[in-house]
Structures are given as structure tokens and as C-alpha cells.
file data_25.cif (mmCIF, C-alpha atoms)
data_final
loop_
_atom_site.label_atom_id
_atom_site.label_comp_id
_atom_site.auth_asym_id
_atom_site.auth_seq_id
_atom_site.Cartn_x
_atom_site.Cartn_y
_atom_site.Cartn_z
CA MET A 28 0.00 0.00 0.00
CA VAL A 29 2.73 2.48 1.01
CA GLN A 30 4.86 1.52 -2.01
CA GLU A 31 1.94 2.15 -4.34
CA ARG A 32 1.46 5.66 -2.94
CA PHE A 33 5.14 6.59 -3.30
CA ALA A 34 5.70 4.97 -6.70
CA PRO A 35 4.72 8.09 -8.74
CA VAL A 36 6.93 10.31 -6.57
CA MET A 37 9.87 7.93 -6.86
CA GLN A 38 9.38 7.78 -10.62
CA MET A 39 9.64 11.59 -10.82
CA LEU A 40 12.76 11.64 -8.61
CA ARG A 41 14.62 8.94 -10.61
CA LYS A 42 16.34 11.43 -12.87
CA TYR A 43 17.85 13.26 -9.87
CA ILE A 44 19.51 10.23 -8.28
CA PRO A 45 23.26 10.27 -9.03
CA VAL A 46 24.57 7.00 -10.45
CA GLU A 47 27.35 6.89 -7.81
CA VAL A 48 24.86 6.20 -4.99
CA LEU A 49 22.99 3.41 -6.77
CA PRO A 50 23.77 -0.23 -6.04
CA ALA A 51 25.08 -2.08 -9.12
CA SER A 52 22.13 -4.48 -8.88
CA SER A 53 19.62 -1.65 -9.41
CA SER A 54 17.96 -1.49 -12.83
CA LEU A 55 18.28 2.29 -12.58
CA TYR A 56 22.06 1.87 -12.24
CA PHE A 57 22.26 0.34 -15.71
CA GLU A 58 19.81 2.89 -17.06
CA LYS A 59 21.95 5.77 -15.77
CA LYS A 60 25.36 4.28 -16.63
CA GLY A 61 24.99 5.67 -20.14
CA VAL A 62 24.71 9.20 -18.75
CA ILE A 63 27.91 11.23 -18.43
CA THR A 64 27.97 12.88 -15.01
CA ALA A 65 29.12 16.45 -14.35
CA LYS A 66 32.16 15.06 -12.51
CA GLU A 67 33.04 12.90 -15.54
CA LYS A 68 32.64 15.90 -17.87
CA LYS A 69 35.19 17.80 -15.79
CA GLU A 70 37.54 14.81 -15.86
CA ILE A 71 37.18 14.60 -19.67
CA GLU A 72 38.25 18.24 -19.94
CA VAL A 73 41.24 17.60 -17.69
CA ILE A 74 42.27 14.63 -19.84
CA ARG A 75 41.80 16.59 -23.09
CA THR A 76 43.88 19.55 -21.90
CA LEU A 77 46.58 17.64 -20.01
CA LYS A 78 50.00 17.70 -21.65
CA PRO A 79 51.92 14.57 -20.61
CA LYS A 80 55.42 15.17 -19.25
CA THR A 81 56.77 12.27 -21.24
CA SER A 82 56.76 11.47 -24.93
CA SER A 83 57.33 7.73 -24.80
CA TYR A 84 55.54 4.69 -23.48
CA VAL A 85 58.76 3.32 -21.99
CA ASP A 86 59.27 6.54 -20.00
CA MET A 87 55.65 6.30 -18.82
CA GLU A 88 56.34 2.73 -17.62
CA LYS A 89 59.37 3.97 -15.67
CA GLN A 90 57.20 6.58 -13.95
CA TRP A 91 54.74 3.85 -12.91
CA VAL A 92 57.58 1.82 -11.40
CA GLU A 93 58.96 4.87 -9.57
CA ASN A 94 55.49 5.65 -8.14
CA ASN A 95 54.74 2.03 -7.25
CA GLY A 96 51.68 2.21 -9.51
CA LYS A 97 49.80 4.49 -7.13
CA SER A 98 49.26 7.99 -8.38
CA PRO A 99 45.99 9.55 -9.58
CA GLU A 100 47.98 12.23 -11.43
CA LEU A 101 50.05 9.59 -13.22
CA SER A 102 46.89 7.68 -14.03
CA ARG A 103 45.41 10.78 -15.72
CA GLU A 104 48.68 11.63 -17.42
CA SER A 105 49.04 8.07 -18.72
CA LEU A 106 45.51 8.09 -20.09
CA ALA A 107 46.06 11.51 -21.70
CA PHE A 108 49.30 10.24 -23.29
CA LEU A 109 47.68 7.05 -24.62
CA ILE A 110 44.67 8.95 -26.00
CA SER A 111 46.94 11.53 -27.60
CA GLU A 112 49.04 8.85 -29.31
CA PHE A 113 45.91 7.04 -30.49
CA GLU A 114 44.42 10.24 -31.90
CA LYS A 115 47.68 11.14 -33.68
CA MET A 116 47.86 7.65 -35.18
CA ASN A 117 44.31 7.95 -36.55
CA SER A 118 44.57 11.54 -37.82
CA ILE A 119 45.08 11.13 -41.54
CA GLY A 120 45.67 13.67 -44.29
CA GLY A 121 45.20 16.71 -42.07
CA LYS A 122 41.88 15.37 -40.75
CA GLU A 123 42.06 15.40 -36.96
CA PHE A 124 40.73 12.34 -35.13
CA LYS A 125 39.27 12.87 -31.65
CA LEU A 126 37.81 10.37 -29.22
CA TYR A 127 34.18 10.85 -28.30
CA ASP A 128 33.33 11.76 -24.71
CA GLU A 129 31.59 8.37 -24.32
CA GLN A 130 34.83 6.58 -25.20
CA ILE A 131 36.86 8.60 -22.70
CA VAL A 132 34.18 8.01 -20.04
CA ALA A 133 34.34 4.26 -20.69
CA LEU A 134 38.11 4.42 -20.13
CA LEU A 135 37.71 6.51 -16.96
CA ARG A 136 35.10 4.11 -15.59
CA ASN A 137 37.29 1.13 -16.39
CA ILE A 138 40.20 2.73 -14.54
CA LYS A 139 37.95 3.49 -11.57
CA ALA A 140 36.67 -0.09 -11.51
CA TYR A 141 40.23 -1.41 -11.79
CA GLU A 142 41.51 0.72 -8.91
CA ASP A 143 38.47 0.52 -6.58
CA LEU A 144 38.03 -2.88 -4.98
CA ARG A 145 34.32 -2.20 -4.44
CA GLN A 146 33.86 -1.94 -8.20
CA LYS A 147 36.00 -4.91 -9.28
CA GLY A 148 34.12 -7.16 -11.63
CA LEU A 149 31.61 -4.55 -12.77
CA ILE A 150 30.92 -4.60 -16.47
CA GLU A 151 31.15 -1.47 -18.61
CA GLU A 152 28.44 -1.55 -21.22
CA MET A 153 28.64 0.31 -24.51
CA LYS A 154 26.20 0.18 -27.38
CA MET A 155 27.10 -1.24 -30.78
CA ASN A 156 29.34 0.94 -32.94
CA GLU A 157 30.52 3.19 -30.10
CA GLY A 158 34.15 2.17 -30.55
CA LYS A 159 34.68 -0.65 -28.07
CA SER A 160 36.95 -2.76 -30.24
CA ALA A 161 38.51 -0.01 -32.30
CA VAL A 162 39.15 2.58 -29.60
CA VAL A 163 38.42 1.63 -25.99
CA ILE A 164 40.00 -1.84 -25.87
CA PRO A 165 43.34 -0.82 -27.46
CA ILE A 166 43.80 2.19 -25.17
CA TRP A 167 42.58 0.24 -22.13
CA THR A 168 44.94 -2.65 -22.92
CA ALA A 169 47.90 -0.28 -23.29
CA TYR A 170 46.95 1.37 -19.99
CA LEU A 171 46.79 -1.97 -18.18
CA ALA A 172 50.12 -3.00 -19.70
CA LEU A 173 51.72 -0.03 -17.91
CA ARG A 174 50.68 -1.66 -14.66
CA SER A 175 51.00 -5.36 -15.39
CA PRO A 176 53.50 -7.31 -17.48
CA TYR A 177 50.88 -9.67 -18.94
CA ILE A 178 47.51 -8.67 -20.39
CA GLN A 179 45.20 -11.02 -22.23
CA VAL A 180 42.21 -9.88 -24.29
CA GLN A 181 39.76 -12.57 -25.34
CA THR A 182 36.97 -12.75 -27.86
CA VAL A 183 35.05 -15.62 -29.39
CA ASN A 184 34.66 -14.10 -32.84
CA PRO A 185 37.51 -15.13 -35.21
CA TYR A 186 36.88 -12.14 -37.48
CA LEU A 187 37.23 -9.72 -34.57
CA VAL A 188 40.38 -11.50 -33.40
CA GLU A 189 42.09 -10.80 -36.73
CA ARG A 190 40.72 -7.30 -37.22
CA ASP A 191 41.39 -6.07 -33.71
CA PHE A 192 44.79 -7.73 -33.43
CA GLU A 193 45.98 -6.02 -36.61
CA ALA A 194 44.62 -2.67 -35.41
CA PHE A 195 46.23 -3.05 -31.99
CA LYS A 196 49.54 -4.04 -33.57
CA LYS A 197 49.63 -0.66 -35.36
CA TYR A 198 48.94 1.13 -32.07
CA ALA A 199 51.63 -0.96 -30.33
CA GLU A 200 54.10 0.11 -33.04
CA VAL A 201 53.25 3.78 -32.40
CA LEU A 202 53.85 3.19 -28.68
CA GLY A 203 57.08 1.26 -29.35
CA ILE A 204 55.88 -1.96 -27.74
CA GLU A 205 55.14 -4.06 -30.83
CA ASP A 206 57.63 -6.72 -29.68
CA ARG A 207 55.37 -7.40 -26.65
CA VAL A 208 52.18 -8.04 -28.64
CA GLY A 209 51.15 -11.51 -29.74
CA LYS A 210 48.16 -13.61 -30.59
CA ILE A 211 47.19 -17.03 -29.26
CA GLY A 212 44.85 -19.35 -31.17
CA TYR A 213 42.74 -18.83 -34.25
#

call {"tool": "encode", "arguments": {"input": "data_25.cif", "output": "C-alpha cells"}}
result
Amino acid sequence: MVQERFAPVMQMLRKYIPVEVLPASSSLYFEKKGVITAKEKKEIEVIRTLKPKTSSYVDMEKQWVENNGKSPELSRESLAFLISEFEKMNSIGGKEFKLYDEQIVALLRNIKAYEDLRQKGLIEEMKMNEGKSAVVIPIWTAYLALRSPYIQVQTVNPYLVERDFEAFKKYAEVLGIEDRVGKIGY
């Protein structure tokens, strides 16, 4: 009886509930995950305007070792560096390539889930054709490789294995880590 009376009010208030306070099991959590929060918009601007102090992936790795892998500033700087290199690689014939905000948010959320034990195991969901394979996974994989010597990306689609491996190999060459990239199976 009480729930029935408050249902219309709760329905109206749904849009004001920040995604950060929702439990991951809530249907509203998944509904709101696609929304870029004000905090994330600010973080996107920081990432876009940040000029990394290093110009090589190997130097970035050294910084991670020196900081024992624990530095929010280094995390942002690493992401900015990896995005910058990816955008340069894909800018062709004077046409500038820029990541979409949704792609940067997916990367930021993945980093947050990786670093926050309470969020470990959460799944980042992106719609079809939003750049998961072509953009998010290569940058995310390169980011993780800064922190771990062995990264494995799996897919069940043989076509995607070939396509994405070839694309990532080009990105690995730009980063100077092509000798560390391999493919198992298929």
C-alpha cells in the first residue's frame, strides 16, 4: 500500500539520483550508466587539456615503477598520453581524429573499476558501434600494460580477433611496444 502511494513520486525523482549512490544491482544503475555525469565531464576536460610530461611509453612505464603504480595524477597523465598517441595515429591527411566523450568516459570508468576494490568485476556496457573494439579496448589494454607485465584480451569471434589484433599491432608500433604483442589461437 505504502509503495503504491510513493511509486509516482519515486518515478519523478529517478532522474535526480546520481549513479554513484545506486547499487550495481539496481535497474536504474544500468539505465543511468549511459549518462555522463558532471564530474566525468570535468575529468574529460582535464584529460583533453593535459599535456603529458613524457613522450614515450617506456618513459611512462618507468614513472609507474617509480610511483609504485599508485598515483591519480600519473593515471590521468598516462591516459592523456595514450589517448593523444591514439588520436595522432588515426589523424590522416590533415583530418584530426578525436575520441568521443563516451569513449573517454568508458576508459575513466574502467580505470575506476580497476583501482576501486568495491567496483572490481563490474561490467562497462557500450552500445554497438561506439568504438569498443577499435578505440576503448586498445587504449585500455595499453593502460593496463603499464601496470602489469601480462595482459590477455579474449573474444570468441575469429573475425574480430584478426581485425582487432591487426589494429592493436599498429597502435603498439606507435607506442614502441610491438615486440610485446602476440596472438594465441585462431

call {"tool": "atom_distance", "arguments": {"input": "data_25.cif", "atom1": "atom CA of A:Glu70", "atom2": "atom CA of A:Ser102"}}
result
11.9 Å

call {"tool": "residues_around", "arguments": {"input": "data_25.cif", "residues": "A:Val163", "least_positions_apart": "2", "cutoff": "8 Å", "atoms": "all atoms listed in the file", "output": "list of chain:residue names"}}
result
A:Gln130, A:Ile131, A:Ala133, A:Leu134, A:Gly158, A:Lys159, A:Ser160, A:Ala161, A:Pro165, A:Ile166, A:Trp167

call {"tool": "atom_distance", "arguments": {"input": "data_25.cif", "atom1": "atom CA of A:Ile71", "atom2": "atom CA of A:Met87"}}
result
20.3 Å

call {"tool": "closest_residue", "arguments": {"input": "data_25.cif", "among": "A:Met116, A:Leu144, A:Ala107, A:Ala199", "to": "A:Ala172", "atoms": "all atoms listed in the file"}}
result
A:Ala199

call {"tool": "closest_residue", "arguments": {"input": "data_25.cif", "among": "A:Val180, A:Ile204, A:Ile211, A:Leu187", "to": "A:Asp86", "atoms": "only C-alpha atoms"}}
result
A:Ile204

call {"tool": "atom_distance", "arguments": {"input": "data_25.cif", "atom1": "atom CA of A:Lys78", "atom2": "atom CA of A:Ile138"}}
result
19.3 Å

call {"tool": "closest_residue", "arguments": {"input": "data_25.cif", "among": "A:Thr182, A:Thr168, A:Ser118, A:Ser111", "to": "A:Ser82", "atoms": "all atoms listed in the file"}}
result
A:Ser111

call {"tool": "axis_aligned_box", "arguments": {"input": "data_25.cif", "around": "stretch 75-94 of chain A", "padding_each_side": "6 Å", "output": "JSON"}}
result
{"center_x": 50.6, "center_y": 10.7, "center_z": -16.5, "size_x": 29.6, "size_y": 29.7, "size_z": 28.8}

call {"tool": "closest_residue", "arguments": {"input": "data_25.cif", "among": "A:Glu67, A:Glu72, A:Glu100, A:Glu205", "to": "A:Arg136", "atoms": "only C-alpha atoms"}}
result
A:Glu67

call {"tool": "closest_residue", "arguments": {"input": "data_25.cif", "among": "A:Leu173, A:Lys122, A:Tyr141, A:Phe113", "to": "A:Phe195", "atoms": "all atoms listed in the file"}}
result
A:Phe113
